[in-house]
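Colleague: Below is the file work12.cif, with mmCIF, C-alpha atoms and all ligand atoms.
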```cif
data_start
#
loop_
_atom_site.group_PDB
_atom_site.id
_atom_site.type_symbol
_atom_site.label_atom_id
_atom_site.label_comp_id
_atom_site.auth_asym_id
_atom_site.auth_seq_id
_atom_site.Cartn_x
_atom_site.Cartn_y
_atom_site.Cartn_z
ATOM 1 C CA MET A 1 -10.019 -15.180 14.730
ATOM 2 C CA ILE A 2 -9.720 -11.667 16.119
ATOM 3 C CA LEU A 3 -7.555 -9.223 14.147
ATOM 4 C CA LYS A 4 -6.224 -5.906 15.377
ATOM 5 C CA MET A 5 -6.841 -3.001 13.035
ATOM 6 C CA ALA A 6 -5.698 0.421 14.176
ATOM 7 C CA HIS A 7 -6.865 0.488 17.797
ATOM 8 C CA ARG A 8 -9.897 -1.728 17.220
ATOM 9 C CA GLU A 9 -10.529 -5.458 17.072
ATOM 10 C CA MET A 10 -12.266 -7.111 14.144
ATOM 11 C CA GLU A 11 -13.395 -10.663 13.685
ATOM 12 C CA LEU A 12 -12.205 -12.389 10.532
ATOM 13 C CA GLY A 13 -15.176 -13.987 8.798
ATOM 14 C CA SER A 14 -17.647 -11.399 10.071
ATOM 15 C CA ALA A 15 -19.738 -8.897 8.110
ATOM 16 C CA GLN A 16 -17.032 -6.317 8.832
ATOM 17 C CA MET A 17 -13.926 -8.350 7.918
ATOM 18 C CA GLY A 18 -13.624 -10.961 5.190
ATOM 19 C CA THR A 19 -10.906 -12.544 3.084
ATOM 20 C CA LEU A 20 -9.457 -11.174 -0.166
ATOM 21 C CA ARG A 21 -9.902 -13.454 -3.191
ATOM 22 C CA ASP A 22 -7.023 -14.144 -5.530
ATOM 23 C CA SER A 23 -7.234 -13.633 -9.277
ATOM 24 C CA ASN A 24 -4.681 -16.237 -10.366
ATOM 25 C CA ALA A 25 -7.293 -18.214 -12.310
ATOM 26 C CA ILE A 26 -7.764 -15.299 -14.733
ATOM 27 C CA LEU A 27 -4.111 -14.246 -14.895
ATOM 28 C CA SER A 28 -3.724 -15.009 -18.598
ATOM 29 C CA ASP A 29 -6.729 -12.896 -19.640
ATOM 30 C CA PRO A 30 -6.229 -9.090 -19.534
ATOM 31 C CA LYS A 31 -9.900 -8.333 -20.191
ATOM 32 C CA ALA A 32 -10.949 -10.553 -17.287
ATOM 33 C CA LEU A 33 -8.333 -8.882 -15.064
ATOM 34 C CA GLN A 34 -9.607 -5.438 -16.050
ATOM 35 C CA ALA A 35 -13.191 -6.499 -15.338
ATOM 36 C CA ARG A 36 -12.123 -7.892 -11.952
ATOM 37 C CA MET A 37 -10.386 -4.621 -11.096
ATOM 38 C CA VAL A 38 -13.566 -2.714 -11.963
ATOM 39 C CA GLU A 39 -15.629 -5.107 -9.883
ATOM 40 C CA ASP A 40 -13.440 -5.570 -6.797
ATOM 41 C CA GLY A 41 -11.120 -2.537 -6.854
ATOM 42 C CA TYR A 42 -8.126 -4.803 -6.343
ATOM 43 C CA LEU A 43 -6.258 -7.826 -7.709
ATOM 44 C CA LEU A 44 -4.569 -10.246 -5.359
ATOM 45 C CA LEU A 45 -2.003 -12.303 -7.256
ATOM 46 C CA ARG A 46 -0.194 -15.166 -5.612
ATOM 47 C CA GLY A 47 3.374 -16.088 -6.526
ATOM 48 C CA VAL A 48 3.832 -13.544 -9.305
ATOM 49 C CA GLN A 49 7.283 -12.517 -8.141
ATOM 50 C CA LYS A 50 10.134 -14.989 -7.829
ATOM 51 C CA ARG A 51 10.509 -15.872 -4.178
ATOM 52 C CA GLU A 52 14.318 -15.911 -4.359
ATOM 53 C CA THR A 53 14.339 -12.362 -5.770
ATOM 54 C CA VAL A 54 12.119 -11.091 -2.951
ATOM 55 C CA LEU A 55 14.244 -12.965 -0.420
ATOM 56 C CA ALA A 56 17.377 -11.231 -1.745
ATOM 57 C CA THR A 57 15.624 -7.856 -1.377
ATOM 58 C CA ARG A 58 14.615 -8.759 2.158
ATOM 59 C CA ARG A 59 18.156 -9.786 3.073
ATOM 60 C CA PHE A 60 19.557 -6.548 1.642
ATOM 61 C CA LEU A 61 17.099 -4.422 3.648
ATOM 62 C CA LEU A 62 17.580 -6.351 6.878
ATOM 63 C CA GLU A 63 21.374 -6.123 6.581
ATOM 64 C CA ASN A 64 20.982 -2.396 6.274
ATOM 65 C CA LEU A 65 18.645 -2.201 9.278
ATOM 66 C CA ALA A 66 21.114 -4.338 11.249
ATOM 67 C CA GLU A 67 23.915 -1.892 10.404
ATOM 68 C CA ASN A 68 21.646 0.838 11.777
ATOM 69 C CA GLU A 69 21.252 -1.141 14.996
ATOM 70 C CA GLN A 70 17.530 -1.667 14.470
ATOM 71 C CA ILE A 71 17.618 -5.492 14.524
ATOM 72 C CA ASP A 72 17.964 -7.853 17.491
ATOM 73 C CA LEU A 73 20.772 -10.122 16.305
ATOM 74 C CA ASN A 74 20.119 -12.629 19.072
ATOM 75 C CA TYR A 75 17.661 -14.005 16.502
ATOM 76 C CA PRO A 76 18.346 -14.982 12.878
ATOM 77 C CA LEU A 77 18.691 -11.821 10.763
ATOM 78 C CA MET A 78 16.004 -12.948 8.321
ATOM 79 C CA GLU A 79 13.383 -12.978 11.088
ATOM 80 C CA GLY A 80 13.734 -9.217 11.358
ATOM 81 C CA VAL A 81 13.244 -9.087 15.116
ATOM 82 C CA ILE A 82 13.025 -5.523 16.430
ATOM 83 C CA LYS A 83 15.875 -4.491 18.705
ATOM 84 C CA GLU A 84 14.699 -3.234 22.083
ATOM 85 C CA GLY A 85 14.016 0.475 21.854
ATOM 86 C CA ALA A 86 14.198 0.524 18.026
ATOM 87 C CA ARG A 87 11.327 1.786 15.934
ATOM 88 C CA GLY A 88 9.912 1.376 12.463
ATOM 89 C CA ASP A 89 10.723 3.800 9.698
ATOM 90 C CA PHE A 90 9.327 5.198 6.472
ATOM 91 C CA LEU A 91 12.132 4.838 3.928
ATOM 92 C CA GLY A 92 10.267 6.024 0.840
ATOM 93 C CA GLY A 93 12.586 7.681 -1.641
ATOM 94 C CA SER A 94 15.751 6.523 0.144
ATOM 95 C CA LYS A 95 18.437 6.677 -2.546
ATOM 96 C CA GLN A 96 20.621 4.231 -0.713
ATOM 97 C CA LEU A 97 17.905 1.591 -0.470
ATOM 98 C CA THR A 98 15.263 2.151 -3.114
ATOM 99 C CA ARG A 99 17.708 2.838 -5.978
ATOM 100 C CA ASP A 100 19.755 -0.251 -5.260
ATOM 101 C CA PRO A 101 19.407 -3.099 -7.781
ATOM 102 C CA LEU A 102 18.747 -5.475 -4.882
ATOM 103 C CA PHE A 103 15.538 -3.547 -4.196
ATOM 104 C CA LEU A 104 14.678 -2.725 -7.815
ATOM 105 C CA ASN A 105 15.096 -6.373 -8.841
ATOM 106 C CA THR A 106 11.790 -6.991 -7.051
ATOM 107 C CA VAL A 107 9.713 -3.883 -7.724
ATOM 108 C CA GLU A 108 10.881 -3.506 -11.335
ATOM 109 C CA SER A 109 11.227 -7.230 -12.042
ATOM 110 C CA PRO A 110 10.396 -8.517 -15.531
ATOM 111 C CA GLU A 111 7.532 -10.382 -13.859
ATOM 112 C CA ILE A 112 5.840 -7.279 -12.442
ATOM 113 C CA MET A 113 6.599 -4.966 -15.381
ATOM 114 C CA GLY A 114 5.389 -7.734 -17.696
ATOM 115 C CA PHE A 115 2.245 -8.142 -15.640
ATOM 116 C CA PHE A 116 1.356 -4.448 -15.932
ATOM 117 C CA ALA A 117 2.046 -4.386 -19.688
ATOM 118 C CA HIS A 118 -0.273 -7.406 -20.007
ATOM 119 C CA PHE A 119 -2.952 -5.974 -17.700
ATOM 120 C CA LEU A 120 -2.946 -2.497 -19.286
ATOM 121 C CA GLU A 121 -2.305 -3.832 -22.810
ATOM 122 C CA ALA A 122 0.297 -1.119 -23.420
ATOM 123 C CA SER A 123 3.866 -0.072 -22.704
ATOM 124 C CA VAL A 124 4.063 0.862 -19.041
ATOM 125 C CA LEU A 125 6.200 2.871 -16.658
ATOM 126 C CA THR A 126 6.712 2.865 -12.930
ATOM 127 C CA PHE A 127 7.302 5.952 -10.782
ATOM 128 C CA ASP A 128 10.996 6.414 -9.955
ATOM 129 C CA TYR A 129 10.060 7.252 -6.375
ATOM 130 C CA LYS A 130 9.441 4.042 -4.416
ATOM 131 C CA TRP A 131 7.678 3.810 -1.088
ATOM 132 C CA LEU A 132 9.356 1.477 1.405
ATOM 133 C CA ARG A 133 7.990 0.775 4.870
ATOM 134 C CA VAL A 134 9.587 -0.760 7.934
ATOM 135 C CA VAL A 135 6.598 -1.104 10.214
ATOM 136 C CA GLY A 136 7.326 -1.572 13.906
ATOM 137 C CA ASN A 137 5.343 -2.951 16.802
ATOM 138 C CA GLY A 138 2.047 -1.154 17.379
ATOM 139 C CA ASP A 139 2.208 0.656 14.039
ATOM 140 C CA PHE A 140 -0.456 0.678 11.336
ATOM 141 C CA THR A 141 -1.632 2.730 8.356
ATOM 142 C CA GLY A 142 -5.001 4.481 8.523
ATOM 143 C CA ALA A 143 -7.630 4.296 5.793
ATOM 144 C CA HIS A 144 -7.045 6.389 2.677
ATOM 145 C CA TYR A 145 -7.291 6.654 -1.105
ATOM 146 C CA ASP A 146 -3.949 6.906 -2.886
ATOM 147 C CA ILE A 147 -5.323 9.531 -5.294
ATOM 148 C CA VAL A 148 -4.807 12.251 -2.659
ATOM 149 C CA TYR A 149 -1.044 11.638 -2.782
ATOM 150 C CA MET A 150 -0.450 11.057 -6.492
ATOM 151 C CA GLY A 151 -3.399 12.359 -8.468
ATOM 152 C CA ARG A 152 -1.769 14.853 -10.855
ATOM 153 C CA GLY A 153 -1.356 12.497 -13.765
ATOM 154 C CA THR A 154 -3.555 9.748 -15.104
ATOM 155 C CA GLN A 155 -6.131 8.223 -12.808
ATOM 156 C CA ASN A 156 -5.481 4.941 -14.566
ATOM 157 C CA LEU A 157 -2.666 4.407 -12.092
ATOM 158 C CA TYR A 158 -2.138 1.374 -9.896
ATOM 159 C CA THR A 159 -0.442 0.683 -6.612
ATOM 160 C CA CYS A 160 1.374 -2.611 -6.265
ATOM 161 C CA TRP A 161 1.819 -3.526 -2.615
ATOM 162 C CA THR A 162 4.640 -6.010 -2.247
ATOM 163 C CA PRO A 163 5.323 -8.032 0.915
ATOM 164 C CA LEU A 164 9.069 -8.301 1.477
ATOM 165 C CA GLY A 165 8.597 -11.170 3.911
ATOM 166 C CA ASP A 166 5.966 -13.785 4.684
ATOM 167 C CA LEU A 167 3.240 -11.881 6.517
ATOM 168 C CA ASN A 168 0.802 -13.394 8.972
ATOM 169 C CA TYR A 169 -2.181 -11.500 10.309
ATOM 170 C CA ASP A 170 -0.334 -10.408 13.430
ATOM 171 C CA ILE A 171 2.375 -8.525 11.553
ATOM 172 C CA GLY A 172 -0.165 -6.129 10.065
ATOM 173 C CA PRO A 173 -0.830 -6.877 6.387
ATOM 174 C CA LEU A 174 -2.838 -4.541 4.173
ATOM 175 C CA ALA A 175 -6.637 -4.622 4.085
ATOM 176 C CA ILE A 176 -8.938 -3.358 1.347
ATOM 177 C CA LEU A 177 -12.295 -1.724 1.971
ATOM 178 C CA VAL A 178 -14.229 -3.604 -0.681
ATOM 179 C CA GLY A 179 -17.062 -1.475 -1.996
ATOM 180 C CA SER A 180 -15.241 1.826 -1.513
ATOM 181 C CA HIS A 181 -14.155 2.359 -5.140
ATOM 182 C CA ARG A 182 -17.503 2.450 -6.918
ATOM 183 C CA GLY A 183 -21.235 2.614 -6.414
ATOM 184 C CA SER A 184 -23.273 5.289 -4.713
ATOM 185 C CA ALA A 185 -22.417 4.717 -1.036
ATOM 186 C CA TYR A 186 -18.926 6.168 -1.356
ATOM 187 C CA GLU A 187 -19.750 8.707 -4.073
ATOM 188 C CA ARG A 188 -19.654 11.679 -1.733
ATOM 189 C CA VAL A 189 -16.325 10.479 -0.286
ATOM 190 C CA ARG A 190 -14.863 10.197 -3.773
ATOM 191 C CA GLU A 191 -16.183 13.640 -4.716
ATOM 192 C CA THR A 192 -14.807 15.441 -1.682
ATOM 193 C CA TYR A 193 -11.899 13.626 -0.065
ATOM 194 C CA GLY A 194 -11.121 11.955 -3.417
ATOM 195 C CA LYS A 195 -10.621 15.368 -5.073
ATOM 196 C CA MET A 196 -8.062 16.415 -2.506
ATOM 197 C CA ASP A 197 -4.338 16.864 -3.137
ATOM 198 C CA VAL A 198 -2.250 16.805 0.025
ATOM 199 C CA ASP A 199 0.378 19.243 -1.300
ATOM 200 C CA ARG A 200 -2.195 21.747 -2.549
ATOM 201 C CA ASP A 201 -4.718 21.467 0.271
ATOM 202 C CA LYS A 202 -2.345 20.703 3.123
ATOM 203 C CA VAL A 203 -4.814 18.343 4.728
ATOM 204 C CA THR A 204 -3.603 15.288 6.667
ATOM 205 C CA GLY A 205 -3.929 12.270 4.354
ATOM 206 C CA TRP A 206 -5.735 9.504 6.233
ATOM 207 C CA PHE A 207 -9.506 9.652 5.936
ATOM 208 C CA SER A 208 -10.039 7.704 9.153
ATOM 209 C CA SER A 209 -8.184 5.626 11.712
ATOM 210 C CA ASP A 210 -11.334 3.864 12.839
ATOM 211 C CA PRO A 211 -12.135 0.882 10.609
ATOM 212 C CA TYR A 212 -15.710 0.629 11.890
ATOM 213 C CA GLU A 213 -16.570 4.250 11.263
ATOM 214 C CA MET A 214 -16.615 3.972 7.489
ATOM 215 C CA LEU A 215 -18.487 0.672 7.527
ATOM 216 C CA GLU A 216 -21.174 2.230 9.660
ATOM 217 C CA LYS A 217 -21.414 5.444 7.613
ATOM 218 C CA PHE A 218 -20.876 4.205 4.072
ATOM 219 C CA GLY A 219 -20.922 0.379 4.106
ATOM 220 C CA GLY A 220 -18.605 -2.151 2.474
ATOM 221 C CA GLN A 221 -16.432 -4.813 4.031
ATOM 222 C CA TRP A 222 -12.784 -4.835 4.996
ATOM 223 C CA GLN A 223 -10.911 -7.789 3.538
ATOM 224 C CA THR A 224 -7.407 -9.019 4.160
ATOM 225 C CA THR A 225 -5.315 -12.168 3.960
ATOM 226 C CA GLU A 226 -1.912 -13.573 4.879
ATOM 227 C CA PHE A 227 0.837 -13.168 2.292
ATOM 228 C CA GLN A 228 3.869 -15.103 1.108
ATOM 229 C CA MET A 229 6.909 -13.580 -0.561
ATOM 230 C CA GLY A 230 6.057 -13.538 -4.267
ATOM 231 C CA ASP A 231 2.452 -12.386 -3.777
ATOM 232 C CA VAL A 232 1.324 -8.885 -4.690
ATOM 233 C CA LEU A 233 -1.799 -6.847 -4.015
ATOM 234 C CA ILE A 234 -2.671 -4.360 -6.746
ATOM 235 C CA PHE A 235 -5.347 -1.691 -6.464
ATOM 236 C CA GLY A 236 -6.608 1.514 -8.005
ATOM 237 C CA MET A 237 -6.445 5.087 -6.786
ATOM 238 C CA TYR A 238 -9.989 5.131 -5.365
ATOM 239 C CA THR A 239 -9.796 1.913 -3.397
ATOM 240 C CA MET A 240 -9.816 2.675 0.314
ATOM 241 C CA HIS A 241 -7.172 0.670 2.120
ATOM 242 C CA ALA A 242 -5.443 0.538 5.481
ATOM 243 C CA SER A 243 -3.303 -1.937 7.349
ATOM 244 C CA LEU A 244 -3.829 -4.180 10.316
ATOM 245 C CA THR A 245 -1.681 -3.360 13.314
ATOM 246 C CA ASN A 246 1.696 -5.017 13.746
ATOM 247 C CA ILE A 247 1.397 -6.737 17.120
ATOM 248 C CA THR A 248 4.565 -8.823 16.731
ATOM 249 C CA ASN A 249 8.171 -8.185 17.774
ATOM 250 C CA ARG A 250 9.227 -8.292 14.091
ATOM 251 C CA TYR A 251 9.291 -5.585 11.439
ATOM 252 C CA ARG A 252 6.774 -5.728 8.634
ATOM 253 C CA LEU A 253 8.803 -4.927 5.488
ATOM 254 C CA THR A 254 6.748 -3.971 2.447
ATOM 255 C CA SER A 255 6.951 -1.644 -0.490
ATOM 256 C CA ASP A 256 4.257 0.115 -2.458
ATOM 257 C CA THR A 257 5.111 1.204 -5.975
ATOM 258 C CA ARG A 258 3.137 2.712 -8.832
ATOM 259 C CA TYR A 259 2.566 1.652 -12.471
ATOM 260 C CA GLN A 260 0.687 3.156 -15.405
ATOM 261 C CA ARG A 261 0.524 3.241 -19.201
ATOM 262 C CA ALA A 262 3.586 5.057 -20.571
ATOM 263 C CA ASP A 263 1.458 7.142 -22.971
ATOM 264 C CA GLU A 264 -0.707 8.752 -20.266
ATOM 265 C CA PRO A 265 0.074 11.860 -18.159
ATOM 266 C CA VAL A 266 2.380 11.320 -15.205
ATOM 267 C CA ASP A 267 2.352 12.989 -11.782
ATOM 268 C CA GLU A 268 5.702 14.755 -12.074
ATOM 269 C CA ARG A 269 6.327 14.748 -8.322
ATOM 270 C CA TRP A 270 7.371 11.098 -8.510
ATOM 271 C CA ILE A 271 9.534 11.009 -11.608
ATOM 272 C CA GLY A 272 13.233 11.522 -12.309
ATOM 273 C CA GLU A 273 16.587 11.149 -10.647
ATOM 274 C CA ASN A 274 15.562 13.461 -7.789
ATOM 275 C CA PRO A 275 11.766 13.421 -7.594
ATOM 276 C CA LEU A 276 10.202 16.467 -6.020
ATOM 277 C CA ALA A 277 7.966 14.205 -3.881
ATOM 278 C CA HIS A 278 5.603 15.909 -1.377
ATOM 279 C CA TYR A 279 6.875 19.490 -1.431
ATOM 280 C CA SER A 280 4.359 21.184 0.794
ATOM 281 C CA TRP A 281 2.330 18.550 2.653
ATOM 282 C CA GLN A 282 2.904 18.598 6.423
ATOM 283 C CA GLU A 283 4.696 21.949 6.214
ATOM 284 C CA GLY A 284 3.318 25.065 7.819
ATOM 285 C CA LYS A 285 -0.329 25.168 8.753
ATOM 286 C CA THR A 286 -2.023 21.838 8.173
ATOM 287 C CA VAL A 287 -5.770 21.254 8.082
ATOM 288 C CA SER A 288 -6.861 18.252 10.135
ATOM 289 C CA MET A 289 -8.964 15.602 8.426
ATOM 290 C CA GLU A 290 -11.600 16.264 11.062
ATOM 291 C CA GLU A 291 -11.879 19.920 9.964
ATOM 292 C CA ALA A 292 -11.852 18.993 6.275
ATOM 293 C CA ARG A 293 -14.575 16.394 6.767
ATOM 294 C CA LYS A 294 -16.739 18.905 8.614
ATOM 295 C CA GLU A 295 -16.467 21.173 5.600
ATOM 296 C CA TRP A 296 -17.291 18.333 3.210
ATOM 297 C CA LYS A 297 -20.177 17.263 5.487
ATOM 298 C CA ILE A 298 -19.085 13.639 5.547
HETATM 299 O O1 LIG B 301 1.835 -0.638 3.795
HETATM 300 C C1 LIG B 301 1.158 0.194 4.378
HETATM 301 O O2 LIG B 301 1.033 0.227 5.603
HETATM 302 C C2 LIG B 301 0.438 1.250 3.595
HETATM 303 C C3 LIG B 301 0.506 1.030 2.137
HETATM 304 C C4 LIG B 301 -0.288 2.001 1.363
HETATM 305 O O3 LIG B 301 -0.938 2.867 1.869
HETATM 306 C C5 LIG B 301 -0.301 1.876 -0.091
HETATM 307 O O4 LIG B 301 0.179 0.859 -0.601
HETATM 308 O O5 LIG B 301 -0.813 2.799 -0.762
#
```
Using the file provided, produce a representation of the structure as structure tokens.
Ligand SMILES: O=C(O)CCC(=O)C(=O)O
Modeller:
Amino acid sequence: MILKMAHREMELGSAQMGTLRDSNAILSDPKALQARMVEDGYLLLRGVQKRETVLATRRFLLENLAENEQIDLNYPLMEGVIKEGARGDFLGGSKQLTRDPLFLNTVESPEIMGFFAHFLEASVLTFDYKWLRVVGNGDFTGAHYDIVYMGRGTQNLYTCWTPLGDLNYDIGPLAILVGSHRGSAYERVRETYGKMDVDRDKVTGWFSSDPYEMLEKFGGQWQTTEFQMGDVLIFGMYTMHASLTNITNRYRLTSDTRYQRADEPVDERWIGENPLAHYSWQEGKTVSMEEARKEWKI
């Protein structure tokens, strides 16, 4: 099967693109989960969230998009078909949407908070700022480490990527670059790009939009899968990830939210009633990733 990633095509089941493995068999064992995270750089967990809770979040978001005239109501609302001429949107930090209980019921559910307390064997917190993406036709996310966006607190911080719909390959699910978080091949990337802070350095955030480039230069394998509502994909700050391209006429609704031990330092940009968020990134003169990489010699 051929998958579209950024502007390239990749064959599922090839050396370049494989399938993510789930960690449900070790769910009850925090030490095994921690070891798996160290080994793989991610945890794919099936059915952790209650499907009906995620469905309620999806309905809430789609009703809102419909009010904004972004949905083609000639189709059932819950299909999330893109209205002609409408586009996707980044709704991270939206007070109206991401502070509503109908959204928080999923990303702060007892199931997910309980999972992180179990996994980290401690009391945990989640950033108040929540990232919410409405990904339109032709859109994708380029490859990056999350540390460059949220690295001012503990590095023992995890992203939980939550599908707010059932996602097939064509709608552009997330992919992980397995091998990018440890070992020597990516060491130089971690020590240069991985030390960056987008607000301080004012560099564009994506390391690359070409999924083959990194494989050729540094190795590893992209891996992805299809998702059902209830599944989550959790990964660390130095795990390179990107999305496939949405080639459907439907929005890909997903959120990515962050969790850590409550007793470790927190990146203050993402905390509180009115988080500061990115205060200087993409303002004024910005350094292109191409320029930055030339400097880093990678
Ligand atoms: O959903 C996406 O397209 C990007 C998500 C992401 O970059 C993240 O979860 O850190």
Colleague: Would you tabulate, counting all atoms listed in the file, all residues of chain A that have an atom at most 7 Å from an atom of ligand LIG 301 (chain B), showing the closest pair of atoms and their distance in Å to one decimal, sorted by chain then ascending number, as a Markdown table?
Modeller:
```
| residue | atom | partner | partner_atom | distance |
| --- | --- | --- | --- | --- |
| A:Arg133 | CA | B:LIG301 | O1 | 6.4 |
| A:Phe140 | CA | B:LIG301 | O2 | 5.9 |
| A:Thr141 | CA | B:LIG301 | O2 | 4.6 |
| A:Asp146 | CA | B:LIG301 | O5 | 5.6 |
| A:Thr159 | CA | B:LIG301 | O4 | 6.0 |
| A:Cys160 | CA | B:LIG301 | O4 | 6.7 |
| A:Trp161 | CA | B:LIG301 | O4 | 5.1 |
| A:Leu174 | CA | B:LIG301 | O1 | 6.1 |
| A:His241 | CA | B:LIG301 | O3 | 6.6 |
| A:Ala242 | CA | B:LIG301 | C2 | 6.2 |
| A:Ser243 | CA | B:LIG301 | O2 | 5.2 |
| A:Thr254 | CA | B:LIG301 | O1 | 6.1 |
| A:Ser255 | CA | B:LIG301 | O1 | 6.7 |
| A:Asp256 | CA | B:LIG301 | O4 | 4.5 |
```
Colleague: Export C-alpha atoms of the chosen residues as a PDB file, in the frame of the given file?
Modeller:
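Printed below is selection-v6.pdb as written:
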```
ATOM      1  CA  ARG A 133       7.990   0.775   4.870  1.00  0.00           C
ATOM      2  CA  PHE A 140      -0.456   0.678  11.336  1.00  0.00           C
ATOM      3  CA  THR A 141      -1.632   2.730   8.356  1.00  0.00           C
ATOM      4  CA  ASP A 146      -3.949   6.906  -2.886  1.00  0.00           C
ATOM      5  CA  THR A 159      -0.442   0.683  -6.612  1.00  0.00           C
ATOM      6  CA  CYS A 160       1.374  -2.611  -6.265  1.00  0.00           C
ATOM      7  CA  TRP A 161       1.819  -3.526  -2.615  1.00  0.00           C
ATOM      8  CA  LEU A 174      -2.838  -4.541   4.173  1.00  0.00           C
ATOM      9  CA  HIS A 241      -7.172   0.670   2.120  1.00  0.00           C
ATOM     10  CA  ALA A 242      -5.443   0.538   5.481  1.00  0.00           C
ATOM     11  CA  SER A 243      -3.303  -1.937   7.349  1.00  0.00           C
ATOM     12  CA  THR A 254       6.748  -3.971   2.447  1.00  0.00           C
ATOM     13  CA  SER A 255       6.951  -1.644  -0.490  1.00  0.00           C
ATOM     14  CA  ASP A 256       4.257   0.115  -2.458  1.00  0.00           C
TER      15      ASP A 256
END
```
Colleague: Find the residues near Arg250 in chain A: any atom within 10 Å, counting all atoms listed in the file, skip ones fewer than 6 places away on the same chain, and give them as a VMD selection string.
Modeller: chain A and resid 71 to 72 79 to 83 88 134 to 137 170 to 171
Colleague: Let me make sure I understand: among A:Tyr158, A:Glu39, A:Arg99, A:Tyr251, which one has the smallest atom-to-atom distance to Leu77 in chain A if we use all atoms listed in the file?
Modeller: A:Tyr251
Colleague: I'd like the residues picked by the PyMOL selection byres (((chain A and resi 97) around 12) and not hetatm) written out as an mmCIF file with C-alpha atoms, in the frame of the given file, using the chain letters and numbers from the file.
Modeller:
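What ended up in selection.cif:
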```cif
data_model
loop_
_atom_site.group_PDB
_atom_site.id
_atom_site.type_symbol
_atom_site.label_atom_id
_atom_site.label_comp_id
_atom_site.auth_asym_id
_atom_site.auth_seq_id
_atom_site.Cartn_x
_atom_site.Cartn_y
_atom_site.Cartn_z
ATOM 1 C CA THR A 57 15.624 -7.856 -1.377
ATOM 2 C CA ARG A 58 14.615 -8.759 2.158
ATOM 3 C CA ARG A 59 18.156 -9.786 3.073
ATOM 4 C CA PHE A 60 19.557 -6.548 1.642
ATOM 5 C CA LEU A 61 17.099 -4.422 3.648
ATOM 6 C CA LEU A 62 17.580 -6.351 6.878
ATOM 7 C CA GLU A 63 21.374 -6.123 6.581
ATOM 8 C CA ASN A 64 20.982 -2.396 6.274
ATOM 9 C CA LEU A 65 18.645 -2.201 9.278
ATOM 10 C CA PHE A 90 9.327 5.198 6.472
ATOM 11 C CA LEU A 91 12.132 4.838 3.928
ATOM 12 C CA GLY A 92 10.267 6.024 0.840
ATOM 13 C CA GLY A 93 12.586 7.681 -1.641
ATOM 14 C CA SER A 94 15.751 6.523 0.144
ATOM 15 C CA LYS A 95 18.437 6.677 -2.546
ATOM 16 C CA GLN A 96 20.621 4.231 -0.713
ATOM 17 C CA THR A 98 15.263 2.151 -3.114
ATOM 18 C CA ARG A 99 17.708 2.838 -5.978
ATOM 19 C CA ASP A 100 19.755 -0.251 -5.260
ATOM 20 C CA PRO A 101 19.407 -3.099 -7.781
ATOM 21 C CA LEU A 102 18.747 -5.475 -4.882
ATOM 22 C CA PHE A 103 15.538 -3.547 -4.196
ATOM 23 C CA LEU A 104 14.678 -2.725 -7.815
ATOM 24 C CA ASN A 105 15.096 -6.373 -8.841
ATOM 25 C CA TYR A 129 10.060 7.252 -6.375
ATOM 26 C CA LYS A 130 9.441 4.042 -4.416
ATOM 27 C CA TRP A 131 7.678 3.810 -1.088
ATOM 28 C CA LEU A 132 9.356 1.477 1.405
ATOM 29 C CA ARG A 133 7.990 0.775 4.870
ATOM 30 C CA SER A 255 6.951 -1.644 -0.490
#
```
Colleague: Nearest to Gln155 in chain A among A:Ala32, A:Leu177, A:Ala122, A:Val266, with distances taken over all atoms listed in the file: which residue is it?
Modeller: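 When distances to Gln155 in chain A are compared using all atoms listed in the file, the smallest one comes from A:Val266.
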Colleague: Counting only C-alpha atoms, I want the residues whose atoms come within 10 Å of (5.8, -19.9, -1.3) in the file frame, returned as a ChimeraX atom specification.
Modeller: /A:46-47,50-52,166,227-231
Colleague: Near Gly18 in chain A, within 9 Å and counting all atoms listed in the file, which residues show up once chain neighbours fewer than 3 positions away are dropped, as a list in words?
Modeller: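 The residues that qualify are Glu11, Leu12, Gly13, Ser14, Ala15, Gln221, Trp222, Gln223, Thr224 and Thr225 of chain A.
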Colleague: Kindly indicate which residue among A:Glu213, A:Glu283, A:Asp128, A:Glu108 lies nearest to Asp201 in chain A, using all atoms listed in the file for the distances.
Modeller: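 Residue with the minimum atom-to-atom distance to Asp201 in chain A: A:Glu283.
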Colleague: Please write as a PyMOL selection string the full residue list that the PyMOL selection byres (((chain A and resi 289) around 10) and not hetatm) yields on this file.
Modeller: chain A and resi 193+202-208+286-288+290-295
Colleague: I'd like the box whose edges run along x, y and z of the file and which contains every listed atom of range 269-276 of chain A, padded by 6 Å per side; could you state its centre and edge lengths in Å, one decimal, as AutoDock Vina command-line options?
Modeller:
```
--center_x 11.5 --center_y 13.7 --center_z -9.2 --size_x 22.3 --size_y 17.5 --size_z 18.3
```
Colleague: Which residue is closest to Ala185 in chain A? Choose from A:Ile298, A:Met10, A:Leu244, A:Met5 and count all atoms listed in the file.
Modeller: A:Ile298
Colleague: Which is closest to Leu167 in chain A among A:Leu44, A:Thr106, A:Tyr149, A:Asn246, if we use only C-alpha atoms?
Modeller: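 Closest candidate: A:Asn246.
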Colleague: Quick one: distance from CA of Asp197 in chain A to CA of Trp281 in chain A in Å, one decimal?
Modeller: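 Taking CA of Asp197 in chain A and CA of Trp281 in chain A, their separation equals 9.0 Å.
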Colleague: Using Å and a single decimal, report how far CA of Leu120 in chain A sits from CA of Leu33 in chain A.
Modeller: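 A separation of 9.4 Å between them.
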